[in-house]
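Enquirer: Take a look at query-v1.pdb, PDB, C-alpha atoms and all ligand atoms:
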MODEL        1
ATOM      1  CA  MET A   1     143.224 194.985  92.115
ATOM      2  CA  ASN A   2     145.457 191.904  92.090
ATOM      3  CA  PRO A   3     146.787 190.912  88.673
ATOM      4  CA  LEU A   4     144.870 187.673  88.570
ATOM      5  CA  HIS A   5     141.556 189.348  89.264
ATOM      6  CA  TYR A   6     142.352 192.025  86.698
ATOM      7  CA  LYS A   7     143.036 189.379  84.073
ATOM      8  CA  LYS A   8     139.778 187.634  84.901
ATOM      9  CA  THR A   9     137.846 190.881  84.511
ATOM     10  CA  ILE A  10     139.347 191.485  81.091
ATOM     11  CA  LEU A  11     138.549 187.956  80.011
ATOM     12  CA  THR A  12     134.971 188.283  81.213
ATOM     13  CA  SER A  13     134.354 191.538  79.399
ATOM     14  CA  ALA A  14     136.011 190.171  76.259
ATOM     15  CA  ALA A  15     133.726 187.153  76.401
ATOM     16  CA  LEU A  16     130.728 189.422  76.885
ATOM     17  CA  THR A  17     131.683 191.546  73.901
ATOM     18  CA  VAL A  18     131.949 188.457  71.745
ATOM     19  CA  MET A  19     128.540 187.289  72.945
ATOM     20  CA  VAL A  20     126.954 190.618  72.118
ATOM     21  CA  ALA A  21     128.677 191.057  68.799
ATOM     22  CA  CYS A  22     128.212 187.604  67.308
ATOM     23  CA  ALA A  23     124.961 186.227  66.059
ATOM     24  CA  THR A  24     124.028 183.518  63.625
ATOM     25  CA  SER A  25     122.164 184.217  60.409
ATOM     26  CA  PRO A  26     119.044 182.186  59.572
ATOM     27  CA  LEU A  27     121.221 180.054  57.304
ATOM     28  CA  GLY A  28     123.822 179.399  59.983
ATOM     29  CA  ARG A  29     126.518 181.972  59.177
ATOM     30  CA  ASN A  30     128.317 183.889  61.959
ATOM     31  CA  GLN A  31     127.460 187.583  61.917
ATOM     32  CA  LEU A  32     129.097 190.645  63.416
ATOM     33  CA  MET A  33     126.404 192.644  65.227
ATOM     34  CA  LEU A  34     127.449 195.783  67.087
ATOM     35  CA  GLN A  35     124.027 197.456  67.208
ATOM     36  CA  SER A  36     121.045 196.606  69.352
ATOM     37  CA  ASP A  37     117.905 195.599  67.459
ATOM     38  CA  GLY A  38     116.134 198.540  69.100
ATOM     39  CA  ASP A  39     118.641 201.032  67.697
ATOM     40  CA  MET A  40     118.504 199.379  64.256
ATOM     41  CA  ASN A  41     114.717 199.719  64.252
ATOM     42  CA  LYS A  42     115.000 203.389  65.213
ATOM     43  CA  MET A  43     117.545 203.968  62.432
ATOM     44  CA  GLY A  44     115.234 202.278  59.941
ATOM     45  CA  GLU A  45     112.261 204.357  61.106
ATOM     46  CA  GLN A  46     114.163 207.646  60.942
ATOM     47  CA  SER A  47     115.617 206.832  57.522
ATOM     48  CA  PHE A  48     112.154 205.973  56.207
ATOM     49  CA  GLU A  49     110.686 209.240  57.550
ATOM     50  CA  GLU A  50     113.464 211.153  55.837
ATOM     51  CA  MET A  51     112.778 209.389  52.533
ATOM     52  CA  LYS A  52     109.056 210.072  52.792
ATOM     53  CA  GLN A  53     109.810 213.762  53.164
ATOM     54  CA  LYS A  54     112.269 213.906  50.275
ATOM     55  CA  THR A  55     110.844 211.495  47.697
ATOM     56  CA  PRO A  56     107.436 211.979  46.045
ATOM     57  CA  ILE A  57     104.932 209.394  47.238
ATOM     58  CA  GLU A  58     102.681 207.650  44.706
ATOM     59  CA  LYS A  59      99.050 208.264  45.686
ATOM     60  CA  ASP A  60      97.349 206.369  42.827
ATOM     61  CA  ALA A  61      94.813 204.067  44.500
ATOM     62  CA  ALA A  62      95.169 201.166  42.050
ATOM     63  CA  ILE A  63      98.967 201.121  42.325
ATOM     64  CA  ASN A  64      98.850 201.254  46.120
ATOM     65  CA  ALA A  65      96.197 198.540  46.290
ATOM     66  CA  TYR A  66      98.320 196.300  44.056
ATOM     67  CA  VAL A  67     101.497 196.768  46.105
ATOM     68  CA  ARG A  68      99.631 196.102  49.363
ATOM     69  CA  CYS A  69      97.922 193.059  47.826
ATOM     70  CA  VAL A  70     101.382 191.570  47.221
ATOM     71  CA  ALA A  71     103.251 192.892  50.265
ATOM     72  CA  LEU A  72     100.747 191.993  52.991
ATOM     73  CA  PRO A  73     100.745 188.224  52.318
ATOM     74  CA  ILE A  74     104.561 188.319  52.446
ATOM     75  CA  THR A  75     104.605 190.080  55.838
ATOM     76  CA  ARG A  76     101.936 187.691  57.136
ATOM     77  CA  ALA A  77     103.983 184.675  56.053
ATOM     78  CA  LEU A  78     106.681 185.434  58.626
ATOM     79  CA  THR A  79     106.961 182.711  61.263
ATOM     80  CA  ALA A  80     106.540 183.643  64.934
ATOM     81  CA  ASP A  81     110.307 183.424  65.284
ATOM     82  CA  GLN A  82     110.889 185.718  62.295
ATOM     83  CA  LYS A  83     108.299 188.164  63.599
ATOM     84  CA  SER A  84     110.015 188.317  66.964
ATOM     85  CA  LYS A  85     113.348 188.942  65.203
ATOM     86  CA  VAL A  86     111.854 191.848  63.263
ATOM     87  CA  GLY A  87     110.166 193.126  66.421
ATOM     88  CA  VAL A  88     107.246 194.983  64.819
ATOM     89  CA  LYS A  89     103.626 193.956  64.398
ATOM     90  CA  ASP A  90     102.571 195.994  61.395
ATOM     91  CA  TRP A  91     104.720 196.798  58.406
ATOM     92  CA  GLU A  92     104.469 200.238  56.830
ATOM     93  CA  ILE A  93     104.297 199.998  53.039
ATOM     94  CA  VAL A  94     104.945 203.078  50.895
ATOM     95  CA  VAL A  95     105.062 203.389  47.092
ATOM     96  CA  PHE A  96     107.568 205.997  45.918
ATOM     97  CA  LYS A  97     107.264 207.798  42.599
ATOM     98  CA  ASP A  98     110.635 206.774  41.270
ATOM     99  CA  PRO A  99     111.265 205.305  37.806
ATOM    100  CA  THR A 100     114.185 203.112  38.920
ATOM    101  CA  ALA A 101     113.372 199.421  39.246
ATOM    102  CA  ASN A 102     113.958 199.130  42.956
ATOM    103  CA  ALA A 103     112.433 198.159  46.275
ATOM    104  CA  PHE A 104     113.808 197.937  49.779
ATOM    105  CA  ALA A 105     112.881 196.951  53.306
ATOM    106  CA  LEU A 106     114.286 198.504  56.477
ATOM    107  CA  PRO A 107     114.556 197.441  60.099
ATOM    108  CA  GLY A 108     111.547 198.670  62.036
ATOM    109  CA  GLY A 109     109.133 197.078  59.545
ATOM    110  CA  LYS A 110     109.337 199.449  56.581
ATOM    111  CA  ILE A 111     108.835 198.485  52.930
ATOM    112  CA  GLY A 112     109.490 200.938  50.103
ATOM    113  CA  VAL A 113     108.501 200.114  46.531
ATOM    114  CA  HIS A 114     109.497 202.269  43.563
ATOM    115  CA  THR A 115     106.894 202.594  40.829
ATOM    116  CA  GLY A 116     109.671 201.601  38.381
ATOM    117  CA  ILE A 117     109.801 198.021  39.678
ATOM    118  CA  ILE A 118     106.177 197.306  38.740
ATOM    119  CA  PRO A 119     106.653 197.011  34.953
ATOM    120  CA  VAL A 120     109.854 194.937  35.454
ATOM    121  CA  ALA A 121     108.420 192.457  37.959
ATOM    122  CA  LYS A 122     105.641 191.629  35.525
ATOM    123  CA  THR A 123     103.382 189.478  37.723
ATOM    124  CA  ASP A 124     102.223 189.589  41.341
ATOM    125  CA  ALA A 125     104.379 186.557  42.146
ATOM    126  CA  GLN A 126     107.446 188.276  40.665
ATOM    127  CA  LEU A 127     106.866 191.344  42.818
ATOM    128  CA  ALA A 128     106.395 188.952  45.743
ATOM    129  CA  ALA A 129     109.843 187.517  44.950
ATOM    130  CA  VAL A 130     111.322 191.035  45.100
ATOM    131  CA  LEU A 131     109.608 191.908  48.377
ATOM    132  CA  GLY A 132     110.342 188.515  49.921
ATOM    133  CA  HIS A 133     114.005 189.082  49.121
ATOM    134  CA  GLU A 134     113.996 192.566  50.656
ATOM    135  CA  VAL A 135     112.156 191.440  53.795
ATOM    136  CA  GLY A 136     114.674 188.572  53.908
ATOM    137  CA  HIS A 137     117.490 191.110  54.380
ATOM    138  CA  VAL A 138     115.625 192.518  57.402
ATOM    139  CA  ILE A 139     114.871 189.100  58.925
ATOM    140  CA  ALA A 140     118.532 188.126  58.562
ATOM    141  CA  ARG A 141     119.558 191.483  60.126
ATOM    142  CA  HIS A 142     121.890 192.322  57.248
ATOM    143  CA  GLY A 143     121.540 196.058  57.984
ATOM    144  CA  ASN A 144     123.019 195.516  61.446
ATOM    145  CA  GLU A 145     125.965 193.692  59.916
ATOM    146  CA  ARG A 146     126.511 196.469  57.436
ATOM    147  CA  VAL A 147     126.312 199.260  60.028
ATOM    148  CA  SER A 148     128.688 197.230  62.224
ATOM    149  CA  GLN A 149     131.161 196.773  59.383
ATOM    150  CA  SER A 150     130.960 200.483  58.516
ATOM    151  CA  MET A 151     131.615 201.329  62.167
ATOM    152  CA  LEU A 152     134.771 199.252  62.133
ATOM    153  CA  ALA A 153     135.897 200.693  58.814
ATOM    154  CA  GLN A 154     135.238 204.290  59.883
ATOM    155  CA  GLY A 155     136.597 203.943  63.405
ATOM    156  CA  GLY A 156     133.128 204.383  64.843
ATOM    157  CA  LEU A 157     130.201 205.844  62.968
ATOM    158  CA  VAL A 158     128.147 208.207  65.038
ATOM    159  CA  VAL A 159     125.033 206.132  65.548
ATOM    160  CA  ALA A 160     124.038 208.022  68.693
ATOM    161  CA  ASP A 161     124.429 211.321  66.846
ATOM    162  CA  PHE A 162     122.271 210.005  64.013
ATOM    163  CA  LEU A 163     119.522 208.964  66.404
ATOM    164  CA  SER A 164     119.561 212.331  68.162
ATOM    165  CA  GLY A 165     119.631 214.205  64.842
ATOM    166  CA  LYS A 166     123.132 215.625  65.424
ATOM    167  CA  ALA A 167     125.094 213.744  62.752
ATOM    168  CA  SER A 168     126.654 215.738  59.915
ATOM    169  CA  PRO A 169     124.811 215.415  56.572
ATOM    170  CA  GLU A 170     127.560 213.156  55.237
ATOM    171  CA  LYS A 171     127.548 210.817  58.245
ATOM    172  CA  LYS A 172     123.748 210.780  58.162
ATOM    173  CA  GLN A 173     123.771 209.586  54.552
ATOM    174  CA  MET A 174     126.317 206.908  55.347
ATOM    175  CA  ILE A 175     124.183 205.550  58.169
ATOM    176  CA  MET A 176     121.077 205.615  56.000
ATOM    177  CA  ALA A 177     122.940 203.730  53.284
ATOM    178  CA  ALA A 178     124.149 201.106  55.740
ATOM    179  CA  VAL A 179     120.635 200.661  57.126
ATOM    180  CA  GLY A 180     119.393 200.085  53.562
ATOM    181  CA  ALA A 181     117.914 203.449  52.541
ATOM    182  CA  GLY A 182     120.733 204.927  50.513
ATOM    183  CA  ALA A 183     119.607 204.461  46.920
ATOM    184  CA  GLN A 184     118.165 207.946  46.509
ATOM    185  CA  TYR A 185     121.234 209.580  47.981
ATOM    186  CA  GLY A 186     123.822 208.098  45.675
ATOM    187  CA  TYR A 187     125.110 205.981  48.517
ATOM    188  CA  LEU A 188     123.737 202.616  47.504
ATOM    189  CA  LEU A 189     125.793 200.142  49.484
ATOM    190  CA  PRO A 190     125.607 196.719  47.955
ATOM    191  CA  TYR A 191     125.028 193.803  50.253
ATOM    192  CA  GLY A 192     127.596 191.042  50.048
ATOM    193  CA  ARG A 193     127.229 187.995  47.876
ATOM    194  CA  THR A 194     126.399 185.720  50.804
ATOM    195  CA  GLN A 195     123.822 188.171  52.130
ATOM    196  CA  GLU A 196     122.177 188.292  48.697
ATOM    197  CA  SER A 197     121.991 184.495  48.539
ATOM    198  CA  GLU A 198     120.519 184.368  52.053
ATOM    199  CA  ALA A 199     117.892 186.967  51.140
ATOM    200  CA  ASP A 200     117.042 185.007  47.971
ATOM    201  CA  LEU A 201     116.398 181.809  49.927
ATOM    202  CA  ILE A 202     114.458 183.498  52.724
ATOM    203  CA  GLY A 203     112.403 185.292  50.056
ATOM    204  CA  LEU A 204     111.720 182.034  48.225
ATOM    205  CA  ASP A 205     110.405 180.473  51.435
ATOM    206  CA  LEU A 206     108.275 183.530  52.292
ATOM    207  CA  MET A 207     106.670 183.829  48.859
ATOM    208  CA  SER A 208     105.906 180.102  48.747
ATOM    209  CA  ARG A 209     104.251 180.127  52.166
ATOM    210  CA  ALA A 210     102.343 183.293  51.194
ATOM    211  CA  GLY A 211     100.784 181.399  48.257
ATOM    212  CA  PHE A 212     102.840 182.849  45.380
ATOM    213  CA  ASP A 213     104.341 180.429  42.835
ATOM    214  CA  PRO A 214     108.071 180.245  43.742
ATOM    215  CA  ARG A 215     109.011 179.426  40.122
ATOM    216  CA  GLN A 216     108.176 183.035  39.284
ATOM    217  CA  SER A 217     111.326 184.101  41.181
ATOM    218  CA  VAL A 218     113.381 182.639  38.344
ATOM    219  CA  GLU A 219     111.222 184.421  35.759
ATOM    220  CA  LEU A 220     111.865 187.667  37.653
ATOM    221  CA  TRP A 221     115.632 187.310  37.274
ATOM    222  CA  LYS A 222     115.158 186.626  33.570
ATOM    223  CA  ASN A 223     113.209 189.896  33.251
ATOM    224  CA  MET A 224     115.832 191.696  35.297
ATOM    225  CA  GLY A 225     118.536 190.455  32.993
ATOM    226  CA  ALA A 226     116.555 191.560  29.957
ATOM    227  CA  SER A 227     115.677 195.011  31.348
ATOM    228  CA  GLY A 228     119.268 196.140  31.883
ATOM    229  CA  GLY A 229     118.734 199.701  33.010
ATOM    230  CA  SER A 230     121.024 202.539  33.993
ATOM    231  CA  ALA A 231     120.549 202.473  37.780
ATOM    232  CA  PRO A 232     120.904 198.913  38.977
ATOM    233  CA  PRO A 233     118.355 198.006  41.642
ATOM    234  CA  GLU A 234     119.449 196.814  45.068
ATOM    235  CA  PHE A 235     119.188 193.158  44.152
ATOM    236  CA  MET A 236     121.185 193.556  40.922
ATOM    237  CA  SER A 237     123.896 195.701  42.439
ATOM    238  CA  THR A 238     126.203 192.904  43.412
ATOM    239  CA  HIS A 239     127.128 189.349  42.630
ATOM    240  CA  PRO A 240     126.101 186.584  42.490
ATOM    241  CA  SER A 241     125.298 186.873  38.814
ATOM    242  CA  GLY A 242     121.767 186.372  37.552
ATOM    243  CA  GLU A 243     122.777 182.968  36.205
ATOM    244  CA  THR A 244     124.072 181.812  39.581
ATOM    245  CA  ARG A 245     121.001 183.094  41.369
ATOM    246  CA  MET A 246     118.626 181.354  38.981
ATOM    247  CA  ARG A 247     120.544 178.112  39.407
ATOM    248  CA  ASP A 248     120.499 178.449  43.213
ATOM    249  CA  LEU A 249     116.789 179.287  43.254
ATOM    250  CA  ASN A 250     116.023 176.313  41.010
ATOM    251  CA  SER A 251     118.056 174.014  43.243
ATOM    252  CA  HIS A 252     115.740 174.958  46.139
ATOM    253  CA  MET A 253     112.497 174.678  44.170
ATOM    254  CA  ALA A 254     111.762 171.072  45.198
ATOM    255  CA  GLU A 255     111.540 172.000  48.882
ATOM    256  CA  ASN A 256     109.509 175.165  48.255
ATOM    257  CA  LEU A 257     106.878 173.955  45.781
ATOM    258  CA  PRO A 258     105.147 171.817  48.451
ATOM    259  CA  LYS A 259     104.939 174.900  50.730
ATOM    260  CA  TYR A 260     103.237 176.756  47.872
ATOM    261  CA  GLU A 261     100.779 173.897  47.286
ATOM    262  CA  ALA A 262     100.028 173.700  51.020
ATOM    263  CA  ALA A 263      99.439 177.454  51.199
ATOM    264  CA  LYS A 264      96.977 177.288  48.298
ATOM    265  CA  LYS A 265      95.130 174.381  49.934
ATOM    266  CA  SER A 266      94.835 176.349  53.168
ATOM    267  CA  GLY A 267      93.164 179.201  51.268
ATOM    268  CA  LEU A 268      96.182 181.470  50.772
ATOM    269  CA  ASN A 269      95.682 182.263  47.129
ATOM    270  CA  PRO A 270      96.544 185.902  46.449
ATOM    271  CA  HIS A 271      95.566 187.228  43.056
ATOM    272  CA  CYS A 272      96.736 190.784  42.521
ATOM    273  CA  THR A 273      96.363 192.423  39.133
ATOM    274  CA  PRO A 274      99.245 194.674  38.080
ATOM    275  CA  PRO A 275      98.069 198.229  37.297
ATOM    276  CA  ALA A 276      99.310 200.349  34.413
ATOM    277  CA  VAL A 277     102.247 202.485  35.507
ATOM    278  CA  LYS A 278     103.017 205.647  33.579
TER     279      LYS A 278
HETATM  280 ZN    ZN B   1     119.416 192.121  48.189
ENDMDL
END
How does this structure look as structure tokens?
Expert:
Amino acid sequence: MNPLHYKKTILTSAALTVMVACATSPLGRNQLMLQSDGDMNKMGEQSFEEMKQKTPIEKDAAINAYVRCVALPITRALTADQKSKVGVKDWEIVVFKDPTANAFALPGGKIGVHTGIIPVAKTDAQLAAVLGHEVGHVIARHGNERVSQSMLAQGGLVVADFLSGKASPEKKQMIMAAVGAGAQYGYLLPYGRTQESEADLIGLDLMSRAGFDPRQSVELWKNMGASGGSAPPEFMSTHPSGETRMRDLNSHMAENLPKYEAAKKSGLNPHCTPPAVK
């Protein structure tokens, strides 16, 4: 191969790598993406299956009906573009018997809600704020960023081994944590500050368009601040501080209130009554 051609080949493959690895978040930030969306969805699905086997599932009909009553309008509020980014038609929603105030969403269309979040997010709209935030992480592909960053930090995490079931238990837990399913394994990886803010704003938009009062998102953070708690939930595990988040949410209220009013006018008016949780 002549040197010039060789150089050209290198340049072309470098350019290709950059094209594959860089994406733009819904709020316009450059993102490092080393995984395909298909592999991320498979990782999310496998992690969720694992959690369903290892964590007790809440079967109480009233609790499940309540969580679905809140979660379904959120998943239906996704735009066509957001739906195509997520790449699944139907979301799987599971309530886990776990007293920690937490919830999460995984690539592949999985939503997990701990029973412990229900008394903290006191109203349906507050739970909608939580779930909108979690689904926001999936829409913005934050799990892909986190797996990609872990791969760089670890000199290559064994994603293929994970998918084929050959990864060591430790590597398996690390992948699950990066995908977003690590809380129960002591591997809760916080998202970054910018990712949290992005998820907050995507969640605010989703809940408003689903017909939940966006002002309740601020009330949720007040409750979160008051509840304290020993195991911080995913959305409290990192900065920005509650104060900053409330200020940011409030600064976006003017553009989201009209979406809420429009949703109500169009008949989207979810009323879900919180059940008693033991
Ligand atoms: Zn979050």
Enquirer: Could you pull the residues within 7 Å of range 203-210 of chain A, counting all atoms listed in the file, minus those fewer than 4 positions along the same chain, as a list in words?
Expert: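 Residues meeting the cut-off are Pro73, Ile74, Ala77, Leu78, Ala128, Ala129, Gly132, His133, Gly136, Ala199, Pro214, Asn256, Leu257, Lys259, Tyr260, Ala263 and Leu268 of chain A.
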Enquirer: Go through A:Gly44, A:Gly108, A:Pro169, A:Pro258 and flag the residue nearest Lys85 in chain A, using all atoms listed in the file for the distances.
Expert: A:Gly108
Enquirer: Find, counting only C-alpha atoms, the residue in A:Lys166, A:Arg141, A:His114, A:Lys59 that gets nearest to Val86 in chain A.
Expert: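 Counting only C-alpha atoms, the residue closest to Val86 in chain A is A:Arg141.
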Enquirer: Quick check, in Å to one decimal: how far apart do CA of Val95 in chain A and CA of Asn64 in chain A lie?
Expert: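 If I compute the distance from CA of Val95 in chain A to CA of Asn64 in chain A, I get 6.6 Å.
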Enquirer: Would you mind telling me which residue in A:Ile139, A:Ala125, A:Ala65, A:Ala254 lies nearest to Asp213 in chain A when using only C-alpha atoms?
Expert: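 Selected residue with least distance to Asp213 in chain A: A:Ala125.
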Enquirer: For a quick check of understanding, using all atoms listed in the file, which of A:Lys54, A:Arg215, A:Lys222, A:His142 has the smallest distance to Asp98 in chain A?
Expert: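 Of the candidates, the smallest distance to Asp98 in chain A is held by A:Lys54.
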Enquirer: With all atoms listed in the file as the atoms that count, which of A:Pro26, A:Pro274, A:Pro119, A:Gly180 lies nearest to Gln82 in chain A?
Expert: A:Pro26
Enquirer: Using only C-alpha atoms, determine which residues lie at most 12 Å from Lys42 in chain A, disregarding the query and same-chain residues fewer than 6 positions distant; provide the list as a list in words.
Expert: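 Listed by chain and then number, they are Gln35, Ser36, Phe48, Glu49, Gly87, Val88, Leu106, Pro107, Gly108, Gly109, Lys110, Asn144, Val159, Ala160, Phe162, Leu163, Ser164, Gly165, Ile175, Met176 and Val179 of chain A.
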Enquirer: What is the CA of Gly143 in chain A to CA of Met43 in chain A distance in Å?
Expert: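 Going from CA of Gly143 in chain A over to CA of Met43 in chain A covers 9.9 Å.
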Enquirer: Using the chain letters and numbers from the file, give me the residues hit by the PyMOL selection byres (((chain A and resi 111) around 9) and not hetatm), as number ranges by chain.
Expert: A: 48, 71, 91-95, 103-106, 109-110, 112-113, 131, 134-135
Enquirer: When distances are computed from all atoms listed in the file, which of A:Ser84, A:Gln31, A:Thr194, A:Gln126 shows the smallest separation from ligand ZN 1 (chain B)?
Expert: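 Between A:Ser84, A:Gln31, A:Thr194, A:Gln126, the residue approaching ligand ZN 1 (chain B) most closely is A:Thr194.
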Enquirer: Find the residues around Ile63 in chain A up to 8 Å (all atoms listed in the file counted), leave out those fewer than 3 positions away in its own chain, and share them as a VMD selection string.
Expert: chain A and resid 58 to 60 66 to 67 274 to 277
Enquirer: What does the distance between CA of Ala121 in chain A and CA of Ser217 in chain A come to in Å, to one decimal place?
Expert: 9.4 Å
Enquirer: May I have the residues within 8 Å of Asp124 in chain A as a list in words, using only C-alpha atoms and disregarding those fewer than 4 positions away in the same chain?
Expert: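 Residues near the query, excluding close chain neighbours: Val70, Ala128, Phe212, His271, Cys272, Thr273 and Pro274 of chain A.
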